[in-house]
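Report on the structure given below.
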Amino acid sequence: MLSIRILNPEYMLFNSFHFLVFLPMVVVLYYAVPQKFRWFLLLVASYYFYMSWKAEYIILIVASTLVDFGAGLAIEKAVSKKRKKLWLFLSLFVNLGLLFTFKYWDFFNESIRDTLNLFSIPFDPSTLKLLLPVGISFYTFQTLSYTIDIYYGKIKPIKHLGIFATYVSFFPQLVAGPIERAKNLIPQFYNNVVFEYERVKNGLLLMLWGFFVKIVIADRLAILVNTVYKHEESHNYLLDHTGSSLFIASFFFMFQLYLDFSAYSNIAIGAARVLGFDLQSNFRRPYWATSISDFWHRWHISLSTWFRDYVYIPLGGNKRGVKRHLINLLITFLLSGLWHGASWNFALWGLLNGLFLIAQVFIDRRKTSKKPKTSFIKRILQSAVVMLLWGGSLIFFRAQTFDDAIYVFQNISLTGWDNLYELGLTVSEFKFVFYCLVSIYILDYIQEKKDLYKFLTERNIVIRFAVYITAILMIIYLGAYGEDVSDNQFLYFQF
Amino acid sequence: MKKMLIKIVVIMLVVLGTIYYLDASKLFSFDEDHVEKRWNGIYKFTSENEIDLLILGNSKTYCGINPKTMSSRLGLNTFVLATPNGSLTQSYYNLREALTISKPKMVAIEVTTLNSSTMTDKEGSGKSFLYKDFNARRNIYEKVITTPHWFDIEEYAFAWSTSIRNHNFLFTNTEQIEKNKEKKEVINNKLYLGRYVRFTTGIKDSILNIYESDGPAVDGDSLTISDEQLNSLQLLIDLLEDNNIQPVFFTIPVYKDHIENYNTRYEILSNLIEKKYGYELFDFQQFYQEDMLTPNCFENTYGNQHMTYLGSLIVTYSLSDSIQNSTNSAGLPNRKADQVWHNMFYGEESYFYNNPMILGNKVLFVQNEIVTENCTIKEVGIVQEEKVKIIMAKIPKSYILESEKEDLEVRMIVDVKLKGKPQRIQVNLPFNKYHIPGEQYIYSIPANDIEFIKILQTKVVNTKLSAPTI
């Protein structure tokens, strides 16, 4: 008999048909099985979810799980501080070792080689060229926070290996967060969750919104961005573009990154909510931030708070004088940059944001403590400044090489709009995404003042159903997917 | 939970209903292409007729086999159900659906489809054609059975819904949507048996030079058969045996210099089909007809080769004769005694070459039974082919030596109207090597602008011995 290809999908993205079949099956089974077996169902589902990408890489998750579970118990049991430290070190060594090997080994060696070559010292290191395990940066950080929290006595270690394994691999947030803390997520595995209409509805609507934003807007923005920033070994297409093409691509990328990642987070949070779990929110309308520091309280919150709690504060935060404060900021943002990717571009992106924050520190010191009332115009101006700085820094984030980023900075301008419709989007597509961006920007502003979810769910059933059905049909018929769209992965999967 | 399920079901029903409506309205469809036409054709044909010989294969097949010629030659109903970029796996599932509407006596399978490909390999235009093939099929049950074998789970929606697959028309091809809005269904009563005439000119010198400088494009040593295709072959043979249908296998040839080491490939095929399964393999590549299969018979490309119209005639006649002479042709009907069959094929491509030009009260001929000095010409007729009018003479083989046939010419003095003006001219009909009906040789020449009035004098001459005029 011929093999049936349903069992051999390439990869289970959230925006895949495979996931749309997988999730309802898990949800139905989840509510059907008794509470004491649910962790097992979630563990199997999570491992299946991960293994549908690359089965053998599940070993890394299992290894990380076993080491941190053991380390957690050992830290708790250890009597001396020295022994506790030793177990913590083991946990850090294994997790960061895995991360380093798979993500940074080649980058590290190549950087040494390039540096030595500058001084004409020959060095030819071996590169591993390993495929980066999806989500490794997320789940290693999640498990690290567990052992660190035990070490500092913030939480008690869990005695149930199965539930701990489920905490590490919980599929809604496994590959791109939100990075959950053990004290928030682990207790939820013990809850006897019953089906709650309002919570499930809320989760489903959050997912619907996530799908809409990802498929209809972010993936269409990606077409233009990828056209302009395309850099292949055979040809660097970026160099074919100048002026406004670079501006519009960089502007679109700024929104693409936000919409893509926030959409992923919404789907993850929504899926978890359907299963009765509350994950922390990752975005809070970042482009309406009033300053760069406010921006970092709104952008990728689970990672920002992770770096705050496990890097910035242990380094001394702002408690050890101004100079040390600024250095701490720079170190934290440099590491945050490198967390995103093993390249100097990401390091520079991180440093740049660190510098913005340092500037912010000086500006804030001049301000009076009294908070002035902000007008709408002022909010827009603040938002524009934030977007300008953030969008500018993202050029390092998006460009494939340092030279590409420099090229963009040297050639970006607001001139030469005549080839706007030759960048991968048709006139109607271009207008459509433009209207979408304006709408999103306005909706985000309204959300600052008003709960739109509440507003929607208070309407009568006809209006609600019309909105839901329209959204689904828009995803189907206005979404950027199919044969013409080559890449619609979530951007943060690469980290 | 019940309340939520009801709401979800209601929403999904509205969404699915909208998708169904858009699919049924064909707003997001391309114009009918030959893939859709072929399925529409087979459904239309089998609504009134039975298929006797079904031919499966890929683009080489629908370019290389002329079903009307084959039908006319063998006196049966032949249909070519081949698909672009098709594999044997595709052929198997297409055959399953075809068997729900007709029960052929014989199925001929072109073996280029037995190759190293798998369904997961398909991409680009190959994938588009797969969607079109699937979309054009009508049997819901068979489509459900086929789906997991042809597509990844991610492709199910594209396979089942044209409007989802082509949803980007809303941004990229609004003209097609507008065109589809105004499109009215056209009822076409022309007989269609699955052929697709695509290539009319043969290999030119520039391509021949590449063959000379670069050598063959394909190495027979490197041609393998994937496990998927082998499994499909087994399934296909089982299906045919269960339905008591006779399989035959054949190869559409490519230009002789296009492939090297074909022996290796032939051995693999022969071991598989003839030795393992015990069926006949008519391999026209291995047994290449060098005198007939000239560069004019093949598509003018170096990389991929399909047959031209001329090439297809040669292969069609060769396959027809192979089938007729095969030991397993006993089950095939001969419909030449059936007036309904003649009515269906009368005047169609190759009909006159293979059948008498007089049928009942329909007459399309100039003269028949013309007695000349050395032979009797059975029929002289005007044949309207698809794009060209041909004057043709049929001479029974018994009058002519096989070795002489190409040297002979039928010469006629005829009264004609040339662009409306009456004239008396000489018409020389050379040997036509592409049409080889069983009992006669054909001598013919295109005669597009000529209106024939009367044949005054006819002579069969040997061009090597005779002067150019009568």
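Chain labels A, B, ... are given in the sequence in which chains occur in the structure tokens; within each chain residues are numbered consecutively from 1, and ligands are likewise numbered from 1 in the order shown.
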
Checklist entry - Leaving out Ser126 in chain A and any residue of its chain fewer than 2 positions from it, which residues lie within 8 Å of it when counting only C-alpha atoms, given as a list in words? => result Asp106, Asn109, Asp124 and Leu128 of chain A

Checklist entry - Within 6 Å of chain A, which residues of chain B show up when using only C-alpha atoms, listed as a list in words? => result Pro148, His149, Asp152, Ile153, Glu154, His167 and Phe171 of chain B

Next on the checklist: Using only C-alpha atoms, which protein or nucleic acid residues come within 8 Å of Asn428 in chain B? Drop anything in the same chain fewer than 4 positions from it, and give the result as an MDAnalysis selection string.
Outcome noted: chainID B and resid 409:412 445

Where does range 287-376 of chain A meet range 401-423 of chain A within 10 Å, residue by residue, with the nearest atom pair and distance in Å to one decimal for each, counting only C-alpha atoms, listed by chain and rising number, as a tab-separated table?
```
residue	atom	partner	partner_atom	distance
A:Ser343	CA	A:Thr401	CA	8.4
A:Trp344	CA	A:Phe402	CA	7.3
A:Asn345	CA	A:Phe402	CA	5.8
A:Phe346	CA	A:Phe402	CA	9.6
A:Leu348	CA	A:Phe402	CA	9.2
```

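Atom pair CA of Ala32 in chain A / CA of Tyr139 in chain A has a distance of 28.3 Å (rounded to one decimal).
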
Next on the checklist: I want to know what sits within 12 Å of Phe434 in chain A, based on only C-alpha atoms, with residues of the same chain fewer than 2 positions away left out; could you give that as JSON, numbers by chain?
Outcome noted: {"A": [217, 218, 220, 221, 248, 251, 252, 255, 425, 427, 428, 429, 430, 431, 432, 436, 437, 438, 439, 440, 441]}

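Between CA of Asn85 in chain B and CA of Lys204 in chain B the interatomic distance comes to 24.6 Å.
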